[in-house]
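What follows is upload27.pdb (PDB, C-alpha atoms, pLDDT in the B column).
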ATOM      1  CA  LEU L   1      42.069  16.478 -32.515  1.00 44.00           C
ATOM      2  CA  ASN L   2      44.472  17.352 -35.309  1.00 51.00           C
ATOM      3  CA  LYS L   3      45.758  13.757 -35.363  1.00 54.00           C
ATOM      4  CA  ASN L   4      42.183  12.468 -35.693  1.00 56.00           C
ATOM      5  CA  ASP L   5      41.453  14.981 -38.441  1.00 59.00           C
ATOM      6  CA  GLN L   6      44.624  13.994 -40.322  1.00 63.00           C
ATOM      7  CA  SER L   7      43.772  10.290 -40.098  1.00 61.00           C
ATOM      8  CA  LEU L   8      40.172  10.989 -41.272  1.00 53.00           C
ATOM      9  CA  LEU L   9      41.438  13.094 -44.172  1.00 56.00           C
ATOM     10  CA  ALA L  10      43.953  10.422 -45.083  1.00 60.00           C
ATOM     11  CA  GLU L  11      41.445   7.588 -44.821  1.00 60.00           C
ATOM     12  CA  TYR L  12      38.292   9.149 -46.341  1.00 58.00           C
ATOM     13  CA  GLY L  13      39.485  12.211 -48.157  1.00 56.00           C
ATOM     14  CA  ALA L  14      38.074  15.686 -47.496  1.00 54.00           C
ATOM     15  CA  ASP L  15      34.452  14.828 -48.352  1.00 60.00           C
ATOM     16  CA  GLY L  16      34.546  11.490 -46.551  1.00 58.00           C
ATOM     17  CA  ALA L  17      36.036  13.120 -43.453  1.00 54.00           C
ATOM     18  CA  ILE L  18      33.184  15.636 -43.381  1.00 63.00           C
ATOM     19  CA  ILE L  19      30.623  12.837 -43.749  1.00 67.00           C
ATOM     20  CA  ALA L  20      32.375  10.808 -41.025  1.00 61.00           C
ATOM     21  CA  ALA L  21      32.426  13.870 -38.748  1.00 66.00           C
ATOM     22  CA  LYS L  22      28.711  14.475 -39.391  1.00 74.00           C
ATOM     23  CA  ASP L  23      27.995  10.823 -38.613  1.00 74.00           C
ATOM     24  CA  GLN L  24      29.899  11.167 -35.341  1.00 73.00           C
ATOM     25  CA  ILE L  25      27.967  14.339 -34.478  1.00 77.00           C
ATOM     26  CA  GLU L  26      24.650  12.623 -35.261  1.00 83.00           C
ATOM     27  CA  LYS L  27      25.638   9.623 -33.117  1.00 83.00           C
ATOM     28  CA  TYR L  28      26.671  11.935 -30.293  1.00 82.00           C
ATOM     29  CA  THR L  29      23.385  13.845 -30.564  1.00 87.00           C
ATOM     30  CA  GLU L  30      21.386  10.587 -30.492  1.00 88.00           C
ATOM     31  CA  VAL L  31      23.319   9.310 -27.472  1.00 88.00           C
ATOM     32  CA  ASP L  32      22.930  12.670 -25.710  1.00 89.00           C
ATOM     33  CA  THR L  33      19.163  12.719 -26.407  1.00 90.00           C
ATOM     34  CA  ARG L  34      18.806   9.148 -25.206  1.00 90.00           C
ATOM     35  CA  ASN L  35      20.840   9.986 -22.085  1.00 89.00           C
ATOM     36  CA  LYS L  36      18.571  12.933 -21.270  1.00 93.00           C
ATOM     37  CA  TYR L  37      15.503  10.759 -21.818  1.00 90.00           C
ATOM     38  CA  LEU L  38      16.896   8.096 -19.465  1.00 90.00           C
ATOM     39  CA  GLU L  39      17.769  10.683 -16.836  1.00 91.00           C
ATOM     40  CA  THR L  40      14.191  11.985 -17.029  1.00 92.00           C
ATOM     41  CA  SER L  41      12.899   8.399 -16.760  1.00 90.00           C
ATOM     42  CA  VAL L  42      15.053   7.723 -13.697  1.00 91.00           C
ATOM     43  CA  THR L  43      13.742  10.891 -12.054  1.00 92.00           C
ATOM     44  CA  THR L  44      10.156   9.883 -12.860  1.00 92.00           C
ATOM     45  CA  PHE L  45      10.696   6.376 -11.529  1.00 91.00           C
ATOM     46  CA  LYS L  46      12.240   7.732  -8.344  1.00 91.00           C
ATOM     47  CA  ALA L  47       9.236  10.032  -7.866  1.00 92.00           C
ATOM     48  CA  GLU L  48       6.879   7.093  -8.436  1.00 92.00           C
ATOM     49  CA  LEU L  49       8.887   5.009  -5.979  1.00 92.00           C
ATOM     50  CA  THR L  50       8.622   7.749  -3.359  1.00 92.00           C
ATOM     51  CA  SER L  51       4.896   8.095  -3.993  1.00 92.00           C
ATOM     52  CA  ILE L  52       4.300   4.347  -3.699  1.00 91.00           C
ATOM     53  CA  THR L  53       6.464   4.185  -0.564  1.00 91.00           C
ATOM     54  CA  ASN L  54       4.405   6.989   0.994  1.00 92.00           C
ATOM     55  CA  GLU L  55       1.209   5.212   0.010  1.00 92.00           C
ATOM     56  CA  LYS L  56       2.527   1.983   1.541  1.00 91.00           C
ATOM     57  CA  VAL L  57       3.282   3.793   4.809  1.00 92.00           C
ATOM     58  CA  GLY L  58      -0.255   5.211   4.791  1.00 89.00           C
ATOM     59  CA  VAL L  59      -1.761   1.763   4.206  1.00 89.00           C
ATOM     60  CA  GLU L  60       0.378   0.283   6.980  1.00 88.00           C
ATOM     61  CA  GLU L  61      -0.742   3.015   9.394  1.00 90.00           C
ATOM     62  CA  ARG L  62      -4.373   2.496   8.401  1.00 89.00           C
ATOM     63  CA  LEU L  63      -3.902  -1.258   8.896  1.00 87.00           C
ATOM     64  CA  LEU L  64      -2.497  -0.676  12.393  1.00 86.00           C
ATOM     65  CA  ARG L  65      -5.473   1.519  13.267  1.00 86.00           C
ATOM     66  CA  LEU L  66      -7.865  -1.130  11.937  1.00 86.00           C
ATOM     67  CA  ASP L  67      -6.070  -3.838  13.948  1.00 87.00           C
ATOM     68  CA  ALA L  68      -6.354  -1.738  17.109  1.00 87.00           C
ATOM     69  CA  HIS L  69     -10.007  -1.055  16.419  1.00 88.00           C
ATOM     70  CA  SER L  70     -10.629  -4.754  15.748  1.00 88.00           C
ATOM     71  CA  ASN L  71      -8.988  -5.670  19.065  1.00 89.00           C
ATOM     72  CA  GLU L  72     -11.096  -3.073  20.858  1.00 91.00           C
ATOM     73  CA  ILE L  73     -14.256  -4.494  19.285  1.00 89.00           C
ATOM     74  CA  SER L  74     -13.224  -8.022  20.289  1.00 91.00           C
ATOM     75  CA  VAL L  75     -12.736  -6.908  23.893  1.00 93.00           C
ATOM     76  CA  THR L  76     -16.094  -5.119  23.851  1.00 93.00           C
ATOM     77  CA  ASN L  77     -17.735  -8.178  22.306  1.00 92.00           C
ATOM     78  CA  THR L  78     -16.303 -10.414  25.056  1.00 93.00           C
ATOM     79  CA  ARG L  79     -17.469  -7.989  27.727  1.00 93.00           C
ATOM     80  CA  LEU L  80     -20.965  -7.855  26.221  1.00 92.00           C
ATOM     81  CA  GLN L  81     -21.131 -11.637  26.061  1.00 93.00           C
ATOM     82  CA  ALA L  82     -20.247 -11.759  29.759  1.00 94.00           C
ATOM     83  CA  GLU L  83     -22.976  -9.203  30.462  1.00 93.00           C
ATOM     84  CA  ILE L  84     -25.473 -11.288  28.477  1.00 91.00           C
ATOM     85  CA  THR L  85     -24.500 -14.364  30.483  1.00 93.00           C
ATOM     86  CA  ALA L  86     -24.944 -12.363  33.684  1.00 93.00           C
ATOM     87  CA  ALA L  87     -28.348 -11.134  32.433  1.00 91.00           C
ATOM     88  CA  HIS L  88     -29.415 -14.724  31.743  1.00 90.00           C
ATOM     89  CA  ALA L  89     -28.339 -15.736  35.234  1.00 92.00           C
ATOM     90  CA  ALA L  90     -30.247 -12.824  36.770  1.00 89.00           C
ATOM     91  CA  SER L  91     -33.354 -13.742  34.795  1.00 86.00           C
ATOM     92  CA  ALA L  92     -33.190 -17.378  35.931  1.00 84.00           C
ATOM     93  CA  ARG L  93     -32.688 -16.302  39.516  1.00 84.00           C
ATOM     94  CA  SER L  94     -35.675 -13.940  39.254  1.00 80.00           C
ATOM     95  CA  ASN L  95     -37.901 -16.719  37.887  1.00 71.00           C
ATOM     96  CA  ALA L  96     -36.905 -19.090  40.703  1.00 78.00           C
ATOM     97  CA  GLU L  97     -37.613 -16.468  43.356  1.00 75.00           C
ATOM     98  CA  ALA L  98     -41.003 -15.721  41.741  1.00 64.00           C
ATOM     99  CA  THR L  99     -42.167 -19.286  42.287  1.00 70.00           C
ATOM    100  CA  PHE L 100     -41.154 -19.168  45.950  1.00 74.00           C
ATOM    101  CA  HIS L 101     -42.483 -15.692  46.694  1.00 65.00           C
ATOM    102  CA  VAL L 102     -46.047 -15.401  45.479  1.00 68.00           C
ATOM    103  CA  GLU L 103     -46.620 -12.012  47.137  1.00 71.00           C
ATOM    104  CA  LYS L 104     -43.759 -10.561  45.076  1.00 69.00           C
ATOM    105  CA  VAL L 105     -45.048 -11.878  41.731  1.00 71.00           C
ATOM    106  CA  GLY L 106     -46.211  -8.536  40.358  1.00 81.00           C
ATOM    107  CA  ARG L 107     -42.952  -6.792  41.186  1.00 73.00           C
ATOM    108  CA  LEU L 108     -40.840  -9.656  39.865  1.00 70.00           C
ATOM    109  CA  GLU L 109     -42.783  -9.798  36.591  1.00 82.00           C
ATOM    110  CA  ASP L 110     -41.993  -6.123  36.033  1.00 86.00           C
ATOM    111  CA  ALA L 111     -38.311  -6.790  36.779  1.00 83.00           C
ATOM    112  CA  LEU L 112     -38.367  -9.740  34.397  1.00 88.00           C
ATOM    113  CA  GLU L 113     -39.828  -7.576  31.638  1.00 92.00           C
ATOM    114  CA  VAL L 114     -37.083  -4.992  32.184  1.00 93.00           C
ATOM    115  CA  ALA L 115     -34.483  -7.764  32.083  1.00 94.00           C
ATOM    116  CA  ARG L 116     -35.938  -9.032  28.796  1.00 95.00           C
ATOM    117  CA  ILE L 117     -35.816  -5.571  27.273  1.00 95.00           C
ATOM    118  CA  ASP L 118     -32.204  -5.225  28.429  1.00 94.00           C
ATOM    119  CA  LEU L 119     -31.436  -8.679  27.034  1.00 94.00           C
ATOM    120  CA  ASN L 120     -32.982  -7.801  23.667  1.00 96.00           C
ATOM    121  CA  ARG L 121     -31.083  -4.523  23.623  1.00 94.00           C
ATOM    122  CA  ALA L 122     -27.878  -6.376  24.516  1.00 94.00           C
ATOM    123  CA  ASN L 123     -28.595  -8.945  21.779  1.00 95.00           C
ATOM    124  CA  ASP L 124     -29.239  -6.116  19.313  1.00 94.00           C
ATOM    125  CA  ASP L 125     -25.989  -4.471  20.396  1.00 93.00           C
ATOM    126  CA  LYS L 126     -24.195  -7.800  20.055  1.00 93.00           C
ATOM    127  CA  ARG L 127     -25.533  -8.312  16.522  1.00 94.00           C
ATOM    128  CA  SER L 128     -24.602  -4.765  15.635  1.00 94.00           C
ATOM    129  CA  LEU L 129     -21.098  -5.274  16.969  1.00 91.00           C
ATOM    130  CA  GLN L 130     -20.818  -8.576  15.118  1.00 94.00           C
ATOM    131  CA  ARG L 131     -21.804  -6.843  11.862  1.00 95.00           C
ATOM    132  CA  LEU L 132     -19.310  -4.098  12.588  1.00 92.00           C
ATOM    133  CA  SER L 133     -16.651  -6.702  13.345  1.00 93.00           C
ATOM    134  CA  GLU L 134     -17.393  -8.451  10.039  1.00 93.00           C
ATOM    135  CA  ASP L 135     -17.222  -5.126   8.188  1.00 93.00           C
ATOM    136  CA  LEU L 136     -13.897  -4.336   9.826  1.00 90.00           C
ATOM    137  CA  GLN L 137     -12.554  -7.797   8.994  1.00 92.00           C
ATOM    138  CA  SER L 138     -13.585  -7.217   5.394  1.00 93.00           C
ATOM    139  CA  ALA L 139     -11.949  -3.777   5.361  1.00 91.00           C
ATOM    140  CA  LEU L 140      -8.827  -5.295   6.922  1.00 90.00           C
ATOM    141  CA  SER L 141      -8.733  -7.937   4.191  1.00 92.00           C
ATOM    142  CA  VAL L 142      -9.125  -5.263   1.497  1.00 91.00           C
ATOM    143  CA  ALA L 143      -6.355  -3.188   3.095  1.00 90.00           C
ATOM    144  CA  LYS L 144      -4.023  -6.187   3.195  1.00 91.00           C
ATOM    145  CA  THR L 145      -4.797  -6.915  -0.466  1.00 91.00           C
ATOM    146  CA  GLY L 146      -4.098  -3.258  -1.305  1.00 89.00           C
ATOM    147  CA  GLN L 147      -0.825  -3.437   0.592  1.00 89.00           C
ATOM    148  CA  SER L 148       0.207  -6.539  -1.402  1.00 91.00           C
ATOM    149  CA  LYS L 149      -0.547  -4.716  -4.654  1.00 92.00           C
ATOM    150  CA  VAL L 150       1.413  -1.659  -3.519  1.00 91.00           C
ATOM    151  CA  GLU L 151       4.360  -3.831  -2.537  1.00 92.00           C
ATOM    152  CA  GLU L 152       4.282  -5.516  -5.982  1.00 92.00           C
ATOM    153  CA  GLN L 153       4.146  -2.110  -7.687  1.00 92.00           C
ATOM    154  CA  LEU L 154       7.036  -0.957  -5.521  1.00 93.00           C
ATOM    155  CA  ARG L 155       9.064  -4.001  -6.551  1.00 94.00           C
ATOM    156  CA  GLN L 156       8.280  -3.389 -10.240  1.00 94.00           C
ATOM    157  CA  VAL L 157       9.243   0.277 -10.004  1.00 94.00           C
ATOM    158  CA  ALA L 158      12.494  -0.661  -8.255  1.00 94.00           C
ATOM    159  CA  VAL L 159      13.267  -3.075 -11.114  1.00 95.00           C
ATOM    160  CA  ARG L 160      12.519  -0.338 -13.653  1.00 94.00           C
ATOM    161  CA  VAL L 161      14.749   2.101 -11.796  1.00 94.00           C
ATOM    162  CA  ARG L 162      17.633  -0.382 -11.762  1.00 94.00           C
ATOM    163  CA  LEU L 163      17.121  -1.050 -15.499  1.00 94.00           C
ATOM    164  CA  ALA L 164      17.003   2.662 -16.275  1.00 93.00           C
ATOM    165  CA  GLU L 165      20.145   3.260 -14.204  1.00 93.00           C
ATOM    166  CA  ALA L 166      21.921   0.436 -16.022  1.00 94.00           C
ATOM    167  CA  ASN L 167      20.867   1.896 -19.396  1.00 92.00           C
ATOM    168  CA  CYS L 168      21.943   5.345 -18.258  1.00 93.00           C
ATOM    169  CA  ASN L 169      25.349   4.039 -17.181  1.00 93.00           C
ATOM    170  CA  ALA L 170      25.752   2.184 -20.488  1.00 92.00           C
ATOM    171  CA  LEU L 171      24.897   5.334 -22.431  1.00 90.00           C
ATOM    172  CA  LYS L 172      27.309   7.377 -20.323  1.00 91.00           C
ATOM    173  CA  ASP L 173      30.021   4.810 -21.061  1.00 90.00           C
ATOM    174  CA  THR L 174      29.155   5.008 -24.775  1.00 89.00           C
ATOM    175  CA  GLU L 175      29.192   8.789 -24.602  1.00 87.00           C
ATOM    176  CA  THR L 176      32.596   8.749 -22.897  1.00 89.00           C
ATOM    177  CA  ARG L 177      33.941   6.322 -25.484  1.00 88.00           C
ATOM    178  CA  LEU L 178      32.586   8.467 -28.344  1.00 86.00           C
ATOM    179  CA  ASN L 179      34.045  11.593 -26.778  1.00 86.00           C
ATOM    180  CA  ALA L 180      37.376   9.806 -26.437  1.00 85.00           C
ATOM    181  CA  GLU L 181      37.186   8.725 -30.093  1.00 81.00           C
ATOM    182  CA  ASN L 182      36.327  12.254 -31.177  1.00 79.00           C
ATOM    183  CA  ASP L 183      39.265  13.726 -29.268  1.00 67.00           C
TER
END

If you convert what's in this file into structure tokens, what do you get?
Amino acid sequence: LNKNDQSLLAEYGADGAIIAAKDQIEKYTEVDTRNKYLETSVTTFKAELTSITNEKVGVEERLLRLDAHSNEISVTNTRLQAEITAAHAASARSNAEATFHVEKVGRLEDALEVARIDLNRANDDKRSLQRLSEDLQSALSVAKTGQSKVEEQLRQVAVRVRLAEANCNALKDTETRLNAEND
């Protein structure tokens, strides 16, 4: 330190050395303030990254649940279509037997009416399930879009974190160099 002071005194004189020392102190203070700001920024970016990562995990879990629910609805839809086909076959069989068995006409007409009600109910259920399937497909599409946005935000935050870390390292190097010059 004494060597540096002697060289400053020799180069700038007493007043110039004081001014040079003040300039060095101001530069050090600016670098230190900037370093603290960057450290705070890195911490903030890491918190945002954690938050976005947690949100991504939540979206992925929700997407898995929606996929499972969609598969379940597809299986139910297939089963209901098979039941509708079976109901149509039963109705046709009932109509054929009605023509051959006149004495059973009254009873078979009642059975046919019940089959029609069941068929309409099954058709209503099918339409309801189709609407639900469409709604779930729409929700799945929205969730996938949301996941893409979250992944893009995650990538941007990661880039910001790397930039902030690089700036922080550069400022630390500058701080070390200034400290070495001041010593």

Can you check which parts of stretch 70-170 of chain L lie within 7 Å of stretch 50-61 of chain L? Per residue, the shortest pair of atoms and distance in Å to one decimal, counting only C-alpha atoms, sorted by chain and number, as CSV.
residue,atom,partner,partner_atom,distance
L:Ala143,CA,L:Val59,CA,6.8
L:Gln147,CA,L:Val59,CA,6.4
L:Val150,CA,L:Lys56,CA,6.3
L:Leu154,CA,L:Ile52,CA,6.2

Each residue of stretch 22-74 of chain L lying at most 12 Å from stretch 174-183 of chain L should get a row with its shortest atom-to-atom pair and the distance in Å to one decimal, counting only C-alpha atoms; could you produce that, ordered by chain and increasing number, as a tab-separated table?
residue	atom	partner	partner_atom	distance
L:Lys22	CA	L:Asn182	CA	11.4
L:Asp23	CA	L:Asn182	CA	11.3
L:Gln24	CA	L:Asn182	CA	7.7
L:Ile25	CA	L:Asn182	CA	9.2
L:Glu26	CA	L:Leu178	CA	11.3
L:Lys27	CA	L:Leu178	CA	8.5
L:Tyr28	CA	L:Glu175	CA	7.0
L:Thr29	CA	L:Glu175	CA	9.7
L:Glu30	CA	L:Glu175	CA	9.9
L:Val31	CA	L:Glu175	CA	6.6
L:Asp32	CA	L:Glu175	CA	7.4
L:Thr33	CA	L:Glu175	CA	10.9
L:Arg34	CA	L:Glu175	CA	10.4
L:Asn35	CA	L:Glu175	CA	8.8
L:Lys36	CA	L:Glu175	CA	11.9

Expected file: the selected residues, C-alpha atoms, as a PDB file, keeping the file's coordinate frame:
ATOM      1  CA  LYS L  22      28.711  14.475 -39.391  1.00 74.00           C
ATOM      2  CA  ASP L  23      27.995  10.823 -38.613  1.00 74.00           C
ATOM      3  CA  GLN L  24      29.899  11.167 -35.341  1.00 73.00           C
ATOM      4  CA  ILE L  25      27.967  14.339 -34.478  1.00 77.00           C
ATOM      5  CA  GLU L  26      24.650  12.623 -35.261  1.00 83.00           C
ATOM      6  CA  LYS L  27      25.638   9.623 -33.117  1.00 83.00           C
ATOM      7  CA  TYR L  28      26.671  11.935 -30.293  1.00 82.00           C
ATOM      8  CA  THR L  29      23.385  13.845 -30.564  1.00 87.00           C
ATOM      9  CA  GLU L  30      21.386  10.587 -30.492  1.00 88.00           C
ATOM     10  CA  VAL L  31      23.319   9.310 -27.472  1.00 88.00           C
ATOM     11  CA  ASP L  32      22.930  12.670 -25.710  1.00 89.00           C
ATOM     12  CA  THR L  33      19.163  12.719 -26.407  1.00 90.00           C
ATOM     13  CA  ARG L  34      18.806   9.148 -25.206  1.00 90.00           C
ATOM     14  CA  ASN L  35      20.840   9.986 -22.085  1.00 89.00           C
ATOM     15  CA  LYS L  36      18.571  12.933 -21.270  1.00 93.00           C
TER      16      LYS L  36
END

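Running the PyMOL selection byres ((chain L and resi 76) around 12) on this file leaves His69, Ser70, Asn71, Glu72, Ile73, Ser74, Val75, Asn77, Thr78, Arg79, Leu80, Gln81, Ala82, Glu83, Ala122, Asp125, Lys126, Ser128, Leu129, Gln130, Leu132 and Ser133 of chain L selected.
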
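Taking atom CA of L:Ala139 as the reference point, atom CA of L:Leu49 is found at 25.3 Å.
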
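Taking only C-alpha atoms into account, L:Thr40 lies nearest to L:Glu165 out of the set L:Asp173, L:Glu109, L:Asp124, L:Glu165.
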
Using all atoms listed in the file, find the one residue out of L:Ala96, L:Ile84, L:Leu38, L:Leu136 that sits nearest to L:Arg116.
->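 Ranked by minimum distance to L:Arg116, first place goes to L:Ile84.
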
Closest of L:Ser148, L:Gln137, L:Thr85, L:Ser94 to L:Leu112 - atom-to-atom distances counting all atoms listed in the file =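 With all atoms listed in the file as the atom set, the closest residue is L:Ser94.
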
Separating atom CA of L:Asp118 from atom CA of L:Ala89, to the nearest tenth of an Å, is a gap of 13.1 Å

For the atom pair atom CA of L:Ala158 and atom CA of L:Thr43, what is the interatomic distance in Å to one decimal place?
-> 12.2 Å

Determine, counting all atoms listed in the file, which protein, DNA and RNA residues have an atom within 12 Å of an atom of L:Glu97; residues of the same chain fewer than 6 positions away are not included. Present the result as a PyMOL selection string.
-> chain L and resi 90-91+103-105+107-109+111-112

For L:Leu140, which residue out of L:Ala86, L:Val159, L:Leu63, L:Ala170 is the nearest one, using all atoms listed in the file?
-> L:Leu63

Using the partial input, fill out stretch 135-145 of chain L with all heavy atoms; write the result as a PDB file, in the frame of the given file.
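Heads up, here's the output in rebuild38.pdb:
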ATOM      1  N   ASP L 135     -17.585  -6.212   9.116  1.00 93.00           N
ATOM      2  CA  ASP L 135     -17.222  -5.126   8.188  1.00 93.00           C
ATOM      3  C   ASP L 135     -15.747  -4.751   8.342  1.00 93.00           C
ATOM      4  O   ASP L 135     -15.039  -4.524   7.351  1.00 93.00           O
ATOM      5  CB  ASP L 135     -18.100  -3.897   8.421  1.00 93.00           C
ATOM      6  CG  ASP L 135     -19.547  -4.126   7.995  1.00 93.00           C
ATOM      7  OD1 ASP L 135     -19.824  -5.103   7.276  1.00 93.00           O
ATOM      8  OD2 ASP L 135     -20.395  -3.308   8.402  1.00 93.00           O
ATOM      9  N   LEU L 136     -15.300  -4.681   9.593  1.00 90.00           N
ATOM     10  CA  LEU L 136     -13.897  -4.336   9.826  1.00 90.00           C
ATOM     11  C   LEU L 136     -12.962  -5.438   9.335  1.00 90.00           C
ATOM     12  O   LEU L 136     -11.889  -5.151   8.788  1.00 90.00           O
ATOM     13  CB  LEU L 136     -13.659  -4.054  11.302  1.00 90.00           C
ATOM     14  CG  LEU L 136     -14.216  -2.716  11.792  1.00 90.00           C
ATOM     15  CD1 LEU L 136     -14.092  -2.615  13.304  1.00 90.00           C
ATOM     16  CD2 LEU L 136     -13.493  -1.574  11.118  1.00 90.00           C
ATOM     17  N   GLN L 137     -13.369  -6.689   9.514  1.00 92.00           N
ATOM     18  CA  GLN L 137     -12.554  -7.797   8.994  1.00 92.00           C
ATOM     19  C   GLN L 137     -12.467  -7.712   7.473  1.00 92.00           C
ATOM     20  O   GLN L 137     -11.411  -7.930   6.885  1.00 92.00           O
ATOM     21  CB  GLN L 137     -13.147  -9.153   9.423  1.00 92.00           C
ATOM     22  CG  GLN L 137     -13.018  -9.445  10.907  1.00 92.00           C
ATOM     23  CD  GLN L 137     -11.592  -9.580  11.359  1.00 92.00           C
ATOM     24  OE1 GLN L 137     -10.728  -9.964  10.595  1.00 92.00           O
ATOM     25  NE2 GLN L 137     -11.316  -9.225  12.600  1.00 92.00           N
ATOM     26  N   SER L 138     -13.575  -7.377   6.850  1.00 93.00           N
ATOM     27  CA  SER L 138     -13.585  -7.217   5.394  1.00 93.00           C
ATOM     28  C   SER L 138     -12.692  -6.065   4.968  1.00 93.00           C
ATOM     29  O   SER L 138     -11.902  -6.184   4.026  1.00 93.00           O
ATOM     30  CB  SER L 138     -15.022  -6.988   4.912  1.00 93.00           C
ATOM     31  OG  SER L 138     -15.036  -6.722   3.544  1.00 93.00           O
ATOM     32  N   ALA L 139     -12.796  -4.940   5.673  1.00 91.00           N
ATOM     33  CA  ALA L 139     -11.949  -3.777   5.361  1.00 91.00           C
ATOM     34  C   ALA L 139     -10.478  -4.110   5.586  1.00 91.00           C
ATOM     35  O   ALA L 139      -9.612  -3.696   4.815  1.00 91.00           O
ATOM     36  CB  ALA L 139     -12.358  -2.574   6.217  1.00 91.00           C
ATOM     37  N   LEU L 140     -10.200  -4.877   6.644  1.00 90.00           N
ATOM     38  CA  LEU L 140      -8.827  -5.295   6.922  1.00 90.00           C
ATOM     39  C   LEU L 140      -8.298  -6.168   5.793  1.00 90.00           C
ATOM     40  O   LEU L 140      -7.169  -6.000   5.339  1.00 90.00           O
ATOM     41  CB  LEU L 140      -8.778  -6.043   8.257  1.00 90.00           C
ATOM     42  CG  LEU L 140      -7.426  -6.557   8.721  1.00 90.00           C
ATOM     43  CD1 LEU L 140      -6.482  -5.386   8.961  1.00 90.00           C
ATOM     44  CD2 LEU L 140      -7.586  -7.392   9.981  1.00 90.00           C
ATOM     45  N   SER L 141      -9.133  -7.075   5.312  1.00 92.00           N
ATOM     46  CA  SER L 141      -8.733  -7.937   4.191  1.00 92.00           C
ATOM     47  C   SER L 141      -8.455  -7.118   2.941  1.00 92.00           C
ATOM     48  O   SER L 141      -7.460  -7.333   2.249  1.00 92.00           O
ATOM     49  CB  SER L 141      -9.836  -8.968   3.926  1.00 92.00           C
ATOM     50  OG  SER L 141      -9.525  -9.730   2.799  1.00 92.00           O
ATOM     51  N   VAL L 142      -9.329  -6.139   2.673  1.00 91.00           N
ATOM     52  CA  VAL L 142      -9.125  -5.263   1.497  1.00 91.00           C
ATOM     53  C   VAL L 142      -7.831  -4.473   1.651  1.00 91.00           C
ATOM     54  O   VAL L 142      -7.062  -4.325   0.704  1.00 91.00           O
ATOM     55  CB  VAL L 142     -10.343  -4.324   1.317  1.00 91.00           C
ATOM     56  CG1 VAL L 142     -10.046  -3.236   0.313  1.00 91.00           C
ATOM     57  CG2 VAL L 142     -11.559  -5.123   0.885  1.00 91.00           C
ATOM     58  N   ALA L 143      -7.585  -3.974   2.863  1.00 90.00           N
ATOM     59  CA  ALA L 143      -6.355  -3.188   3.095  1.00 90.00           C
ATOM     60  C   ALA L 143      -5.118  -4.050   2.897  1.00 90.00           C
ATOM     61  O   ALA L 143      -4.135  -3.603   2.314  1.00 90.00           O
ATOM     62  CB  ALA L 143      -6.378  -2.594   4.502  1.00 90.00           C
ATOM     63  N   LYS L 144      -5.179  -5.296   3.374  1.00 91.00           N
ATOM     64  CA  LYS L 144      -4.023  -6.187   3.195  1.00 91.00           C
ATOM     65  C   LYS L 144      -3.817  -6.500   1.722  1.00 91.00           C
ATOM     66  O   LYS L 144      -2.685  -6.576   1.261  1.00 91.00           O
ATOM     67  CB  LYS L 144      -4.218  -7.467   4.008  1.00 91.00           C
ATOM     68  CG  LYS L 144      -4.001  -7.245   5.497  1.00 91.00           C
ATOM     69  CD  LYS L 144      -4.138  -8.516   6.291  1.00 91.00           C
ATOM     70  CE  LYS L 144      -3.912  -8.251   7.778  1.00 91.00           C
ATOM     71  NZ  LYS L 144      -4.042  -9.470   8.580  1.00 91.00           N
ATOM     72  N   THR L 145      -4.911  -6.680   0.982  1.00 91.00           N
ATOM     73  CA  THR L 145      -4.797  -6.915  -0.466  1.00 91.00           C
ATOM     74  C   THR L 145      -4.183  -5.698  -1.141  1.00 91.00           C
ATOM     75  O   THR L 145      -3.299  -5.825  -1.994  1.00 91.00           O
ATOM     76  CB  THR L 145      -6.186  -7.211  -1.065  1.00 91.00           C
ATOM     77  OG1 THR L 145      -6.733  -8.356  -0.419  1.00 91.00           O
ATOM     78  CG2 THR L 145      -6.091  -7.478  -2.547  1.00 91.00           C
TER      79      THR L 145
END
